[in-house]
Protein chains: 2
Amino acid sequence: MPLLTDEQIADGLHDSGWRREGDAIARDWKLDDFAGAIAFVDEVAQLAEEANHHPDILVHGWNKVRLTLSTHSEGGITAADLALAGRIDALR
Amino acid sequence: MPLLTDEQIADGLHDSGWRREGDAIARDWKLDDFAGAIAFVDEVAQLAEEANHHPDILVHGWNKVRLTLSTHSEGGITAADLALAGRIDALR
């Protein structure tokens with residue numbers, strides 16, 4: 001799977017809540033409480049398993065979640081990252 | 001809830017898989033796969049809700065989990081952190 005160009009990445013992230021962080025894309029969420037954060041993680045995990053593509057997940061400050069996506073096998077950002085980001089955005 | 005002394009923290013972590021990281025304690029796990037990591041997170045979350053004490057949770061590299069515990073209201077490590085660490089250790 002080819003790496004995306006800087007322009008392709010910028011186009012893909014346009015109007016999304018995701019931002020580029022070097023070789024990855026990241027987005028932050030604030031949920032109502034810890035249970036809400038964990039429920040969100042479970043929903044994201046199901047999408048990740050379906051896509052066979054797995055974000056790094058940080059639950060912090062009891063109600064905040066940060067997701068980071070990168071295609072480690074390719075060493076950067078691919079269409080698989082943007083596709084999963086889009087599916088995750090549809091959750092909330 | 002009073003902060004623990006350095007000696008109390010060292011005693012509490014002795015023979016556990018947890019290490020001190022400044023004002024927090026942390027431990028890393030490696031699970032079989034992503035689904036195993038998420039299942040572990042769900043088990044930890046249930047203990048955290050029961051204790052009303054919430055670790056920071058990082059799922060990374062698809063099968064690794066790092067937990068970090070601190071009592072933010074006190075600005076450091078208290079008995080609540082050691083108690084929850086002990087309950088989590090009993091899971092795996």
# chains A, B, ... in the order shown; residues from 1 in each chain; ligands from 1
$ residues_around --residues "segment 41-56 of chain A" --least-positions-apart "6" --cutoff "7 Å" --atoms "only C-alpha atoms" --output "VMD selection string"
(chain A and resid 67 to 69 88) or (chain B and resid 59 to 62)
$ calpha_fit_rmsd --fixed "chain B" --moving "chain A"
0.0 Å
$ select_by_dssp --residues "segment 22-91 of chain A" --states "strand (DSSP E)" --output "ChimeraX atom specification"
/A:24-30,56-60,64-69
$ write_last_selection --atoms "all heavy atoms" --output "short mmCIF file (atom, residue, chain, number, x, y, z; two decimals), in the first residue's frame"
data_model
loop_
_atom_site.label_atom_id
_atom_site.label_comp_id
_atom_site.auth_asym_id
_atom_site.auth_seq_id
_atom_site.Cartn_x
_atom_site.Cartn_y
_atom_site.Cartn_z
N ALA A 24 2.02 10.09 11.33
CA ALA A 24 0.74 9.58 11.82
C ALA A 24 -0.32 10.67 11.75
O ALA A 24 -0.03 11.84 11.50
CB ALA A 24 0.90 9.10 13.27
N ILE A 25 -1.58 10.27 11.96
CA ILE A 25 -2.66 11.23 12.14
C ILE A 25 -3.29 10.96 13.51
O ILE A 25 -3.28 9.83 13.99
CB ILE A 25 -3.72 11.14 11.02
CG1 ILE A 25 -4.37 9.76 10.95
CG2 ILE A 25 -3.09 11.50 9.67
CD1 ILE A 25 -5.52 9.67 9.95
N ALA A 26 -3.79 12.02 14.13
CA ALA A 26 -4.29 11.90 15.50
C ALA A 26 -5.56 12.73 15.66
O ALA A 26 -5.77 13.73 14.97
CB ALA A 26 -3.24 12.37 16.49
N ARG A 27 -6.40 12.29 16.58
CA ARG A 27 -7.59 13.07 16.94
C ARG A 27 -7.90 12.85 18.42
O ARG A 27 -7.68 11.76 18.96
CB ARG A 27 -8.79 12.69 16.09
CG ARG A 27 -9.99 13.59 16.36
CD ARG A 27 -11.19 13.36 15.47
NE ARG A 27 -12.31 14.16 16.00
CZ ARG A 27 -13.55 14.14 15.55
NH1 ARG A 27 -13.88 13.35 14.55
NH2 ARG A 27 -14.49 14.88 16.11
N ASP A 28 -8.42 13.90 19.07
CA ASP A 28 -8.78 13.84 20.49
C ASP A 28 -10.29 13.94 20.65
O ASP A 28 -10.95 14.69 19.94
CB ASP A 28 -8.12 15.00 21.24
CG ASP A 28 -6.63 14.84 21.35
OD1 ASP A 28 -6.19 13.99 22.13
OD2 ASP A 28 -5.90 15.54 20.62
N TRP A 29 -10.79 13.20 21.62
CA TRP A 29 -12.20 13.26 21.99
C TRP A 29 -12.31 13.49 23.50
O TRP A 29 -11.46 13.03 24.27
CB TRP A 29 -12.92 11.94 21.71
CG TRP A 29 -13.23 11.67 20.28
CD1 TRP A 29 -14.42 11.87 19.64
CD2 TRP A 29 -12.35 11.12 19.28
NE1 TRP A 29 -14.32 11.49 18.32
CE2 TRP A 29 -13.07 11.03 18.07
CE3 TRP A 29 -11.01 10.71 19.31
CZ2 TRP A 29 -12.50 10.54 16.91
CZ3 TRP A 29 -10.44 10.22 18.14
CH2 TRP A 29 -11.19 10.15 16.96
N LYS A 30 -13.38 14.16 23.89
CA LYS A 30 -13.71 14.31 25.31
C LYS A 30 -15.09 13.70 25.51
O LYS A 30 -16.08 14.18 24.92
CB LYS A 30 -13.70 15.78 25.71
CG LYS A 30 -13.84 16.00 27.21
CD LYS A 30 -13.62 17.47 27.54
CE LYS A 30 -13.74 17.71 29.04
NZ LYS A 30 -13.46 19.12 29.36
N ASP A 56 -3.24 3.39 17.87
CA ASP A 56 -2.85 3.55 19.27
C ASP A 56 -3.97 4.31 19.97
O ASP A 56 -4.54 5.26 19.40
CB ASP A 56 -1.53 4.33 19.38
CG ASP A 56 -0.33 3.47 18.98
OD1 ASP A 56 -0.51 2.27 18.68
OD2 ASP A 56 0.79 4.01 18.97
N ILE A 57 -4.28 3.89 21.18
CA ILE A 57 -5.42 4.44 21.92
C ILE A 57 -4.94 4.90 23.29
O ILE A 57 -4.37 4.11 24.04
CB ILE A 57 -6.50 3.35 22.12
CG1 ILE A 57 -6.98 2.80 20.78
CG2 ILE A 57 -7.67 3.91 22.94
CD1 ILE A 57 -7.84 1.55 20.90
N LEU A 58 -5.17 6.16 23.61
CA LEU A 58 -4.83 6.68 24.93
C LEU A 58 -6.08 7.19 25.61
O LEU A 58 -6.76 8.09 25.09
CB LEU A 58 -3.80 7.82 24.81
CG LEU A 58 -3.44 8.53 26.13
CD1 LEU A 58 -2.76 7.56 27.09
CD2 LEU A 58 -2.56 9.74 25.87
N VAL A 59 -6.42 6.60 26.77
CA VAL A 59 -7.49 7.10 27.62
C VAL A 59 -6.80 7.85 28.76
O VAL A 59 -5.97 7.26 29.47
CB VAL A 59 -8.35 5.96 28.20
CG1 VAL A 59 -9.47 6.52 29.08
CG2 VAL A 59 -8.93 5.10 27.08
N HIS A 60 -7.10 9.12 28.91
CA HIS A 60 -6.39 9.91 29.93
C HIS A 60 -7.32 10.95 30.53
O HIS A 60 -8.32 11.34 29.92
CB HIS A 60 -5.13 10.57 29.32
CG HIS A 60 -5.42 11.54 28.21
ND1 HIS A 60 -5.08 12.86 28.30
CD2 HIS A 60 -6.04 11.39 27.01
CE1 HIS A 60 -5.45 13.48 27.19
NE2 HIS A 60 -6.03 12.62 26.39
N LYS A 64 -11.04 11.48 28.53
CA LYS A 64 -10.52 11.91 27.24
C LYS A 64 -9.87 10.72 26.51
O LYS A 64 -9.27 9.84 27.15
CB LYS A 64 -9.50 13.03 27.43
CG LYS A 64 -10.16 14.33 27.92
CD LYS A 64 -9.21 15.51 27.89
CE LYS A 64 -8.29 15.55 29.09
NZ LYS A 64 -9.00 15.80 30.36
N VAL A 65 -10.01 10.70 25.20
CA VAL A 65 -9.44 9.64 24.38
C VAL A 65 -8.65 10.27 23.24
O VAL A 65 -9.16 11.20 22.57
CB VAL A 65 -10.53 8.71 23.79
CG1 VAL A 65 -9.92 7.67 22.86
CG2 VAL A 65 -11.30 8.02 24.91
N ARG A 66 -7.44 9.81 23.03
CA ARG A 66 -6.65 10.21 21.86
C ARG A 66 -6.38 8.99 21.01
O ARG A 66 -5.90 7.96 21.52
CB ARG A 66 -5.32 10.85 22.29
CG ARG A 66 -4.39 11.13 21.09
CD ARG A 66 -3.17 11.91 21.51
NE ARG A 66 -3.58 13.20 22.05
CZ ARG A 66 -2.76 14.07 22.63
NH1 ARG A 66 -1.48 13.78 22.77
NH2 ARG A 66 -3.23 15.20 23.10
N LEU A 67 -6.68 9.08 19.74
CA LEU A 67 -6.37 8.01 18.80
C LEU A 67 -5.27 8.47 17.86
O LEU A 67 -5.28 9.62 17.40
CB LEU A 67 -7.60 7.63 17.98
CG LEU A 67 -8.82 7.14 18.76
CD1 LEU A 67 -9.93 6.78 17.77
CD2 LEU A 67 -8.48 5.95 19.64
N THR A 68 -4.34 7.58 17.56
CA THR A 68 -3.26 7.85 16.62
C THR A 68 -3.21 6.73 15.60
O THR A 68 -3.19 5.56 15.97
CB THR A 68 -1.91 7.94 17.37
OG1 THR A 68 -2.04 8.86 18.45
CG2 THR A 68 -0.80 8.42 16.45
N LEU A 69 -3.21 7.09 14.33
CA LEU A 69 -3.23 6.09 13.25
C LEU A 69 -2.01 6.26 12.36
O LEU A 69 -1.68 7.38 11.95
CB LEU A 69 -4.48 6.27 12.39
CG LEU A 69 -5.73 5.53 12.82
CD1 LEU A 69 -6.95 6.08 12.07
CD2 LEU A 69 -5.57 4.04 12.58
#
$ closest_atom_pairs --of "segment 50-82 of chain B" --to "segment 9-20 of chain B" --cutoff "9 Å" --atoms "only C-alpha atoms" --output "JSON lines"
{"residue": "B:Ile77", "atom": "CA", "partner": "B:Ile9", "partner_atom": "CA", "distance": 7.6}
{"residue": "B:Thr78", "atom": "CA", "partner": "B:Ile9", "partner_atom": "CA", "distance": 8.3}
{"residue": "B:Ala79", "atom": "CA", "partner": "B:Ile9", "partner_atom": "CA", "distance": 8.8}
{"residue": "B:Leu82", "atom": "CA", "partner": "B:Gly12", "partner_atom": "CA", "distance": 6.5}
$ closest_residue --among "B:Asp6, B:Asp81, B:Asp33, B:Glu21" --to "chain A" --atoms "only C-alpha atoms"
B:Asp33
$ closest_residue --among "A:Gly22, A:Ser70, A:Leu4, A:Phe34" --to "Ala85 of chain A" --atoms "only C-alpha atoms"
A:Ser70
$ residues_around --residues "Gly75 of chain A" --least-positions-apart "6" --cutoff "10 Å" --atoms "only C-alpha atoms" --output "VMD selection string"
chain A and resid 2 to 3 23 to 24
$ atom_distance --atom1 "atom CA of Glu74 of chain B" --atom2 "atom CA of Gln8 of chain B"
15.9 Å
$ closest_residue --among "B:Leu91, B:Leu31, B:Ala39, B:Met1" --to "chain A" --atoms "only C-alpha atoms"
B:Ala39
$ select_by_dssp --residues "chain A" --states "alpha helix (DSSP H)" --output "number ranges by chain"
A: 6-13, 34-51, 79-89
